Amino acid sequence: MDSLTQMALGSAVGVAVMRRRVPVWRAALAGAVFGTLPDLDSFADYGDPISNVTYHRGTSHALFYLSLLSPLLAWLVTRWAPPGGFRRWWLAIWLILMTHVLIDTMTVYGTQLGHPFTDYPFGVASMFIIDPLYTLPLLLGLVWAFRGHRRANDVALALTSAYLLWSVLAQAWVTHKVERQIAFLESSPEQVLVTPTAFNTLLWRVLVVGPEDYWEGFYALADGDRPIHFDRFDRGMEHFPAVSGEWGVQRVAWFSKGLFKLQVVDDRLRVTDLRMGQEPFYSFNFVVAERNDTGTWQTVPAELEIERPDIAAGLSWIAERALGGPLPPPRGELTEPAP
């Protein structure tokens, strides 16, 4: 999740666990600091864009390592602020770190919380990385807690936990509907991904991936029994044999759980993670090869290209489409790819 959400969640957990043992401001400040601690790995440079993206939410988000770190952090806090007791601070910090990792796992990105035993990027994919309906209750609960109404903070945590449950149930419902419909596809799909569009859990993006093609559709909970309209796109897998042995391509294929495509843009071959974004605008496009004079692909150092859609048009479409409006997705002209 985004940094503001992680700070708000960490503060809310800190206030809830420490109760009246310390002032609200102290528990909230500690929660905000430790709630953002695992994301400091985003400032690390692992050497190339693919490594930077795929090693994020790695070791720093491991349940094992964070559990080992929490008593040390609790000891440091009690040196700074003795009231509250070591055990209580230990519990608070451990829960702050655990909730950071678990809320990240609710998104589609992938969180390698099993290190050092597994590097599998876990992701429920029922929450978008920024969702105001999750963050705002936490912030409001903290405001009321600072005014002396600590119970409001507990209520906010309960409401946001219920919202997480709602997201999972909504995702399951859409997945059920998709599975009943995809029999129309000409070839058997390999994977189906159902994930919310930006900032909400009312409008869902459906990605159906086959060996050579992928289909994208959208379903709003307000659509009822209306069938999902899918658009079909080529995955560019005819280029895969030429670059399949390259580490960067293998890494993106692993990170995306096989939900990727290859695309030629200006004689440059890009591998794209299909999970984050929507056609034709994606967050993670990596240039991995260029066509040489002989017409074959020559690998190059990876470059990240981010496709930026028209934000205003996209938000307007989401607002209308989430209410059941039968609008086609905005697939307008691409803006300049960002380096």
# chains A, B, ... in the order shown; residues from 1 in each chain; ligands from 1
$ residues_around --residues "Gly314 of chain A" --least-positions-apart "6" --cutoff "10 Å" --atoms "only C-alpha atoms" --output "PyMOL selection string"
chain A and resi 198+329-331
$ residues_around --residues "Arg150 of chain A" --least-positions-apart "4" --cutoff "8 Å" --atoms "only C-alpha atoms" --output "list in words"
Val15, Ala16, Arg19, Gly141, Leu142, Trp144, Ala145, Phe146 and Asp154 of chain A
$ closest_atom_pairs --of "segment 111-218 of chain A" --to "segment 272-291 of chain A" --cutoff "8 Å" --atoms "only C-alpha atoms" --output "tab-separated table"
residue	atom	partner	partner_atom	distance
A:Leu193	CA	A:Arg275	CA	7.9
A:Arg205	CA	A:Gln278	CA	7.9
A:Leu207	CA	A:Arg275	CA	8.0
A:Glu216	CA	A:Glu279	CA	7.7
$ residues_around --residues "Phe122 of chain A" --least-positions-apart "2" --cutoff "7 Å" --atoms "only C-alpha atoms" --output "ChimeraX atom specification"
/A:105,110-112,120,124
$ write_last_selection --atoms "all heavy atoms" --output "PDB file, in the first residue's frame"
ATOM      1  N   THR A 105       0.240  -7.513   1.189  1.00  0.00           N
ATOM      2  CA  THR A 105      -0.097  -8.784   0.548  1.00  0.00           C
ATOM      3  C   THR A 105      -1.501  -8.758  -0.061  1.00  0.00           C
ATOM      4  O   THR A 105      -1.795  -9.552  -0.962  1.00  0.00           O
ATOM      5  CB  THR A 105       0.025  -9.933   1.567  1.00  0.00           C
ATOM      6  OG1 THR A 105       1.329  -9.897   2.153  1.00  0.00           O
ATOM      7  CG2 THR A 105      -0.172 -11.289   0.917  1.00  0.00           C
ATOM      8  N   GLY A 110       2.781  -8.258  -5.056  1.00  0.00           N
ATOM      9  CA  GLY A 110       3.537  -9.436  -4.646  1.00  0.00           C
ATOM     10  C   GLY A 110       4.464  -9.116  -3.499  1.00  0.00           C
ATOM     11  O   GLY A 110       5.303  -8.207  -3.599  1.00  0.00           O
ATOM     12  N   THR A 111       4.314  -9.812  -2.383  1.00  0.00           N
ATOM     13  CA  THR A 111       5.107  -9.584  -1.182  1.00  0.00           C
ATOM     14  C   THR A 111       5.792 -10.891  -0.806  1.00  0.00           C
ATOM     15  O   THR A 111       5.131 -11.899  -0.568  1.00  0.00           O
ATOM     16  CB  THR A 111       4.212  -9.095  -0.017  1.00  0.00           C
ATOM     17  OG1 THR A 111       3.481  -7.932  -0.446  1.00  0.00           O
ATOM     18  CG2 THR A 111       5.042  -8.750   1.204  1.00  0.00           C
ATOM     19  N   GLN A 112       7.117 -10.838  -0.725  1.00  0.00           N
ATOM     20  CA  GLN A 112       7.901 -12.057  -0.473  1.00  0.00           C
ATOM     21  C   GLN A 112       8.036 -12.270   1.037  1.00  0.00           C
ATOM     22  O   GLN A 112       9.138 -12.265   1.589  1.00  0.00           O
ATOM     23  CB  GLN A 112       9.256 -11.933  -1.164  1.00  0.00           C
ATOM     24  CG  GLN A 112       9.135 -11.766  -2.674  1.00  0.00           C
ATOM     25  CD  GLN A 112      10.415 -11.334  -3.341  1.00  0.00           C
ATOM     26  OE1 GLN A 112      11.488 -11.884  -3.063  1.00  0.00           O
ATOM     27  NE2 GLN A 112      10.332 -10.344  -4.231  1.00  0.00           N
ATOM     28  N   TYR A 120       8.558 -16.664  -2.931  1.00  0.00           N
ATOM     29  CA  TYR A 120       7.313 -16.528  -3.691  1.00  0.00           C
ATOM     30  C   TYR A 120       6.650 -15.189  -3.373  1.00  0.00           C
ATOM     31  O   TYR A 120       6.484 -14.832  -2.193  1.00  0.00           O
ATOM     32  CB  TYR A 120       6.357 -17.672  -3.351  1.00  0.00           C
ATOM     33  CG  TYR A 120       5.061 -17.617  -4.131  1.00  0.00           C
ATOM     34  CD1 TYR A 120       5.007 -18.071  -5.441  1.00  0.00           C
ATOM     35  CD2 TYR A 120       3.906 -17.082  -3.562  1.00  0.00           C
ATOM     36  CE1 TYR A 120       3.829 -18.015  -6.167  1.00  0.00           C
ATOM     37  CE2 TYR A 120       2.716 -17.020  -4.286  1.00  0.00           C
ATOM     38  CZ  TYR A 120       2.692 -17.485  -5.588  1.00  0.00           C
ATOM     39  OH  TYR A 120       1.526 -17.413  -6.301  1.00  0.00           O
ATOM     40  N   VAL A 124      -2.888 -11.290  -2.743  1.00  0.00           N
ATOM     41  CA  VAL A 124      -4.314 -11.618  -2.826  1.00  0.00           C
ATOM     42  C   VAL A 124      -4.966 -10.887  -3.987  1.00  0.00           C
ATOM     43  O   VAL A 124      -5.877 -11.399  -4.630  1.00  0.00           O
ATOM     44  CB  VAL A 124      -5.014 -11.270  -1.495  1.00  0.00           C
ATOM     45  CG1 VAL A 124      -6.513 -11.546  -1.568  1.00  0.00           C
ATOM     46  CG2 VAL A 124      -4.377 -12.051  -0.350  1.00  0.00           C
TER      47      VAL A 124
END
$ atom_distance --atom1 "atom CA of Ser126 of chain A" --atom2 "atom CA of Val101 of chain A"
14.8 Å
$ residues_around --residues "Trp166 of chain A" --least-positions-apart "5" --cutoff "9 Å" --atoms "only C-alpha atoms" --output "short mmCIF file (atom, residue, chain, number, x, y, z; two decimals) with N, CA, C and O atoms, in the first residue's frame"
data_model
loop_
_atom_site.label_atom_id
_atom_site.label_comp_id
_atom_site.auth_asym_id
_atom_site.auth_seq_id
_atom_site.Cartn_x
_atom_site.Cartn_y
_atom_site.Cartn_z
N SER A 161 -10.76 -3.36 8.75
CA SER A 161 -10.63 -4.82 8.67
C SER A 161 -11.84 -5.42 7.96
O SER A 161 -11.70 -6.35 7.13
N GLN A 171 -14.16 -9.81 -4.68
CA GLN A 171 -13.28 -10.45 -5.66
C GLN A 171 -13.72 -11.88 -5.95
O GLN A 171 -13.73 -12.31 -7.12
N THR A 201 -13.29 -0.67 -4.84
CA THR A 201 -13.55 -2.11 -4.94
C THR A 201 -14.92 -2.37 -5.58
O THR A 201 -15.53 -3.41 -5.36
#
$ residues_around --residues "segment 71-87 of chain A" --least-positions-apart "4" --cutoff "8 Å" --atoms "only C-alpha atoms" --output "compact mmCIF listing (two decimals) with N, CA, C and O atoms, in the first residue's frame"
# COMPACT_ATOMS: atom_id res chain seq x y z
N MET A 18 -0.98 0.23 22.68
CA MET A 18 -0.39 0.91 23.85
C MET A 18 -1.46 1.48 24.79
O MET A 18 -1.16 1.74 25.96
N ARG A 21 -1.08 3.56 28.25
CA ARG A 21 0.25 3.42 28.85
C ARG A 21 1.18 4.55 28.44
O ARG A 21 2.14 4.86 29.15
N VAL A 22 0.96 5.12 27.27
CA VAL A 22 1.75 6.26 26.80
C VAL A 22 0.80 7.26 26.17
O VAL A 22 -0.34 6.92 25.80
N SER A 67 10.08 -10.36 12.63
CA SER A 67 9.83 -10.88 13.99
C SER A 67 11.11 -10.86 14.82
O SER A 67 11.08 -10.57 16.02
N LEU A 91 5.11 -6.07 21.58
CA LEU A 91 3.87 -6.49 20.94
C LEU A 91 3.40 -5.45 19.93
O LEU A 91 3.01 -5.79 18.81
N ILE A 93 5.11 -3.09 18.30
CA ILE A 93 5.98 -2.98 17.12
C ILE A 93 5.85 -4.21 16.24
O ILE A 93 5.81 -4.11 15.00
N TRP A 94 5.76 -5.38 16.85
CA TRP A 94 5.58 -6.60 16.05
C TRP A 94 4.29 -6.53 15.24
O TRP A 94 4.27 -6.84 14.04
$ select_by_dssp --residues "segment 115-304 of chain A" --states "helix (DSSP H, G or I)" --output "VMD selection string"
chain A and resid 132 to 146 150 to 184 221 to 223 237 to 243 247 to 255
$ write_last_selection --atoms "C-alpha atoms" --output "compact mmCIF listing (two decimals), in the first residue's frame"
# COMPACT_ATOMS: atom_id res chain seq x y z
CA PRO A 132 -9.34 6.12 0.19
CA LEU A 133 -12.12 4.02 1.72
CA TYR A 134 -9.45 2.11 3.62
CA THR A 135 -7.18 5.03 4.53
CA LEU A 136 -9.68 7.75 5.50
CA PRO A 137 -11.30 5.85 8.42
CA LEU A 138 -7.85 5.28 9.91
CA LEU A 139 -6.99 8.97 9.66
CA LEU A 140 -10.33 10.04 11.15
CA GLY A 141 -9.99 7.54 13.98
CA LEU A 142 -6.56 8.95 14.81
CA VAL A 143 -7.87 12.52 14.79
CA TRP A 144 -10.55 11.58 17.30
CA ALA A 145 -8.02 9.66 19.37
CA PHE A 146 -5.89 12.80 19.64
CA ARG A 150 -9.41 6.51 21.79
CA ARG A 151 -12.33 4.21 21.09
CA ALA A 152 -12.77 5.89 17.71
CA ASN A 153 -9.38 4.48 16.74
CA ASP A 154 -10.55 0.96 17.62
CA VAL A 155 -13.72 1.48 15.57
CA ALA A 156 -11.64 2.63 12.60
CA LEU A 157 -9.48 -0.49 12.78
CA ALA A 158 -12.59 -2.67 12.90
CA LEU A 159 -14.15 -0.87 9.92
CA THR A 160 -11.02 -1.14 7.79
CA SER A 161 -10.63 -4.82 8.67
CA ALA A 162 -14.23 -5.34 7.56
CA TYR A 163 -13.43 -3.50 4.34
CA LEU A 164 -10.57 -5.89 3.65
CA LEU A 165 -12.96 -8.80 4.12
CA TRP A 166 -15.44 -7.09 1.79
CA SER A 167 -12.74 -6.77 -0.89
CA VAL A 168 -12.01 -10.51 -0.73
CA LEU A 169 -15.71 -11.41 -0.94
CA ALA A 170 -16.28 -9.02 -3.85
CA GLN A 171 -13.28 -10.45 -5.66
CA ALA A 172 -14.56 -13.99 -5.11
CA TRP A 173 -17.97 -13.04 -6.53
CA VAL A 174 -16.47 -11.50 -9.67
CA THR A 175 -14.13 -14.49 -10.08
CA HIS A 176 -17.11 -16.84 -9.90
CA LYS A 177 -18.90 -14.84 -12.58
CA VAL A 178 -15.82 -14.83 -14.80
CA GLU A 179 -15.30 -18.57 -14.52
CA ARG A 180 -18.88 -19.14 -15.68
CA GLN A 181 -18.34 -16.97 -18.74
CA ILE A 182 -14.86 -17.75 -20.09
CA ALA A 183 -15.99 -20.92 -21.82
CA PHE A 184 -16.51 -18.75 -24.91
CA LEU A 221 -20.76 -4.89 -9.11
CA ALA A 222 -23.62 -2.71 -10.36
CA ASP A 223 -23.58 -4.62 -13.68
CA MET A 237 5.11 -14.81 -27.54
CA GLU A 238 6.69 -15.42 -30.95
CA HIS A 239 9.59 -13.32 -29.63
CA PHE A 240 9.97 -15.32 -26.43
CA PRO A 241 12.38 -18.03 -27.70
CA ALA A 242 14.93 -15.35 -28.65
CA VAL A 243 15.08 -13.86 -25.13
CA TRP A 247 17.71 -13.21 -16.60
CA GLY A 248 15.58 -10.07 -16.86
CA VAL A 249 12.87 -11.80 -18.90
CA GLN A 250 12.89 -14.80 -16.59
CA ARG A 251 12.68 -12.50 -13.57
CA VAL A 252 9.67 -10.59 -14.91
CA ALA A 253 7.97 -13.84 -15.88
CA TRP A 254 8.49 -15.11 -12.33
CA PHE A 255 7.51 -11.85 -10.66
$ closest_residue --among "A:Thr299, A:Ser51, A:Thr107, A:Ser316" --to "Asp2 of chain A" --atoms "only C-alpha atoms"
A:Thr107
$ closest_residue --among "A:Leu95, A:Val17, A:Ala27, A:Leu113" --to "Ser60 of chain A" --atoms "only C-alpha atoms"
A:Leu113
$ atom_distance --atom1 "atom CA of Ser11 of chain A" --atom2 "atom CA of Ser70 of chain A"
15.8 Å
$ atom_distance --atom1 "atom CA of Arg270 of chain A" --atom2 "atom CA of Ala302 of chain A"
9.2 Å
$ closest_residue --among "A:Ala312, A:Val192, A:Ala322, A:Leu29" --to "Tyr219 of chain A" --atoms "only C-alpha atoms"
A:Ala322
